[in-house]
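Asks: I have a structure I would like to understand better, so I am pasting it below and will then ask my questions one at a time.
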Amino acid sequence: ITEQGEMVQAKFGIPVVAQNQLEIYTTAVLLASIKPPSPPREETWRTIMDALGEVSCKAYRSVVFEHPHFISYFRAATPESELGNLNIGSRPARRKVGASVHNLRAIPWIFAWTQTRLILPSWLGVGDALNQLIKEGKKAELQKMYEAWPFFAATIDLIEMILAKADMRIAGLYDDVLVDDPAGKKLGSELRQKFMETVRAICEVTGHHKLLETNPALRRLIEMRNPYIDPINILQVEVLRRARADPRSVRLREALLITINGIAAGMRNTG
């Protein structure tokens with residue numbers, strides 16, 4: 001079992017909570033061993049999954065690896081550049097020196113996008129893939145897959161959860177304050193539009209009128225946390241703006257670290 005380091009205290013710091021977590025792990029292992037997940041009911045569903053994977057991968061790479069302004073936008077709109085100077089991880093944020101996505105480790109990559117509430121790597125390409133198959137007349141088949149194939153349903157539900165935690169108002173604030181390049185601002189606007197298209201596509205497949213419609217407990221938890229996380233995000237944007245103007249300020253670096261920890265604790269999905 002692998003657990004995120006920052007979640008160890010939350011899940012195992014109190015004996016009663018730790019016991020509950022161990023019961024969850026044990027139950028999950030027993031269920032998976034005694035009654036393995038059902039395979040797809042129809043073989044064509046595997047073909048549809050392959051098509052979804054191909055389209056989503058192409059859409060993802062067209063932005064992250066092929067868009068000429070993506071790297072500069074990423075470094076301006078997120079605290080990625082500052083993460084390497086804060087000593088908050090067990091390993092350097094980058095494998096090698098250089099402004100390239102290839103040089104980033106996976107956790108800082110996700111961590112930076114989670115801080116801005118865009119959470120880009122978790123959903124980018126999904127909307128493109130679902131919308132393409134819907135346009136090809138496979139909407140009903142996708143809905144059947146969601147209803148009858150646990151693997152596909154779990155995948156869609158996880159993406160839906162991430163979409164519910166994202167906030168395009170906050171992501172837009174980072175762009176407005178921290179991104180100076182007009183091309184970068186345009187890219188940010190396009191990504192936020194892709195996010196909305198992904199939300200609509202997920203709702204079409206699930207049949208939900210809003211995200212997490214069938215999981216009101218989680219939706220309520222997110223709604224309860226957001227009023228506490230939003231002000232920290234607003235503070236972080238201003239701290240980043242000042243820290244980039246005065247990179248030697250120790251007080252600003254300390255303030256930035258506090259905001260990073262606060263957002264990570266509130267989001268509960270960091271990397």
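By convention in this document, the chains of the structure tokens carry letters A, B, ... by their order, each chain's residues are numbered from 1, and ligands are numbered from 1 in the order they are shown.
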Would you please give, as a ChimeraX atom specification, all residues of stretch 103-152 of chain A that DSSP assigns to helix (DSSP H, G or I) based on the backbone?

Replies: /A:103,106-115,120-122,126-135,139-148,150-152

Asks: Neighbouring residues of A:Glu213 were defined as those with any atom within 12 Å, considering only C-alpha atoms; residues of the same chain fewer than 3 positions away were excluded. Please report them as a ChimeraX atom specification.

Replies: /A:157,160-161,164,202-203,206-210,216-220

Asks: Considering only C-alpha atoms, return as a list in words whatever protein or nucleic-acid residues lie within 8 Å of A:Tyr73, sequence-local ones (same chain, fewer than 4 positions apart) excluded.

Replies: His69, Ala77, Val179, Gly184, Lys185, Leu187 and Gly188 of chain A

Asks: Rank A:Val205, A:Leu191, A:Ile34, A:Thr44 by their smallest atom-to-atom distance to A:Glu147, using only C-alpha atoms, and report the top residue only.

Replies: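 Looking at the shortest contact to A:Glu147, the residue is A:Val205.
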
Asks: Counting only C-alpha atoms, give me one row per residue of stretch 171-206 of chain A with an atom at most 8 Å from an atom of stretch 223-246 of chain A, showing the shortest contact pair and its distance in Å to one decimal, sorted by chain then residue number, as a tab-separated table.

Replies:
```
residue	atom	partner	partner_atom	distance
A:Leu173	CA	A:Val237	CA	7.7
A:Tyr174	CA	A:Val237	CA	6.1
A:Val177	CA	A:Val237	CA	7.2
A:Leu178	CA	A:Arg241	CA	6.4
```

Asks: Give me the residues near A:Lys194 as an MDAnalysis selection string, where near means some atom within 9 Å (using only C-alpha atoms) and where sequence neighbours in that chain fewer than 4 positions away do not count.

Replies: chainID A and resid 124:125 127:128 189:190 198:199

Asks: For A:Lys58, please output as a PyMOL selection string all residues within 12 Å (counting only C-alpha atoms; exclusion window: fewer than 5 positions along the same chain).

Replies: chain A and resi 51-53+63-66+124-126+128-129

Asks: Suppose we keep N, CA, C and O atoms; can you now write the selection as a tab-separated table (two decimals), in the first residue's frame?

Replies:
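Listing of part.tsv after writing:
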```
chain	number	residue	atom	x	y	z
A	51	ALA	N	-9.99	3.58	-27.97
A	51	ALA	CA	-10.21	4.81	-28.73
A	51	ALA	C	-10.17	6.02	-27.82
A	51	ALA	O	-9.58	7.07	-28.17
A	52	LEU	N	-10.77	5.91	-26.64
A	52	LEU	CA	-10.74	7.01	-25.67
A	52	LEU	C	-9.30	7.33	-25.27
A	52	LEU	O	-8.91	8.50	-25.16
A	53	GLY	N	-8.52	6.28	-25.05
A	53	GLY	CA	-7.13	6.47	-24.66
A	53	GLY	C	-6.31	7.16	-25.73
A	53	GLY	O	-5.51	8.06	-25.44
A	63	VAL	N	-1.18	19.83	-26.06
A	63	VAL	CA	-1.06	20.99	-25.18
A	63	VAL	C	0.26	20.97	-24.42
A	63	VAL	O	1.06	21.90	-24.49
A	64	VAL	N	0.51	19.89	-23.70
A	64	VAL	CA	1.64	19.84	-22.77
A	64	VAL	C	2.99	19.78	-23.49
A	64	VAL	O	3.96	20.41	-23.06
A	65	PHE	N	3.07	19.05	-24.60
A	65	PHE	CA	4.36	18.86	-25.27
A	65	PHE	C	4.51	19.65	-26.57
A	65	PHE	O	5.63	19.87	-27.03
A	66	GLU	N	3.39	20.03	-27.17
A	66	GLU	CA	3.48	20.63	-28.50
A	66	GLU	C	3.09	22.10	-28.56
A	66	GLU	O	3.44	22.78	-29.52
A	124	LEU	N	-7.14	16.77	-18.43
A	124	LEU	CA	-6.86	17.23	-19.79
A	124	LEU	C	-6.89	16.07	-20.78
A	124	LEU	O	-6.20	15.07	-20.60
A	125	GLY	N	-7.67	16.21	-21.83
A	125	GLY	CA	-7.80	15.18	-22.85
A	125	GLY	C	-9.04	14.32	-22.70
A	125	GLY	O	-9.54	13.74	-23.68
A	126	VAL	N	-9.57	14.24	-21.47
A	126	VAL	CA	-10.74	13.40	-21.23
A	126	VAL	C	-11.96	13.94	-21.98
A	126	VAL	O	-12.69	13.20	-22.64
A	128	ASP	N	-12.03	15.88	-24.61
A	128	ASP	CA	-11.84	15.72	-26.06
A	128	ASP	C	-12.25	14.31	-26.50
A	128	ASP	O	-12.93	14.14	-27.52
A	129	ALA	N	-11.80	13.31	-25.73
A	129	ALA	CA	-12.08	11.92	-26.09
A	129	ALA	C	-13.56	11.60	-25.99
A	129	ALA	O	-14.15	11.01	-26.91
```

Asks: Go through A:Glu82, A:Asp50, A:Asp181, A:Glu43 and flag the residue nearest A:Ile260, using only C-alpha atoms for the distances.

Replies: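 Nearest to A:Ile260: A:Glu82.
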
Asks: So how far away is atom CA of A:Ala148 from atom CA of A:Arg41, in Å?

Replies: 7.3 Å

Asks: Under the rule that only C-alpha atoms are counted, which of A:Ala153, A:Cys57, A:Ala255, A:Leu104 is the nearest residue to A:Pro37?

Replies: A:Ala153
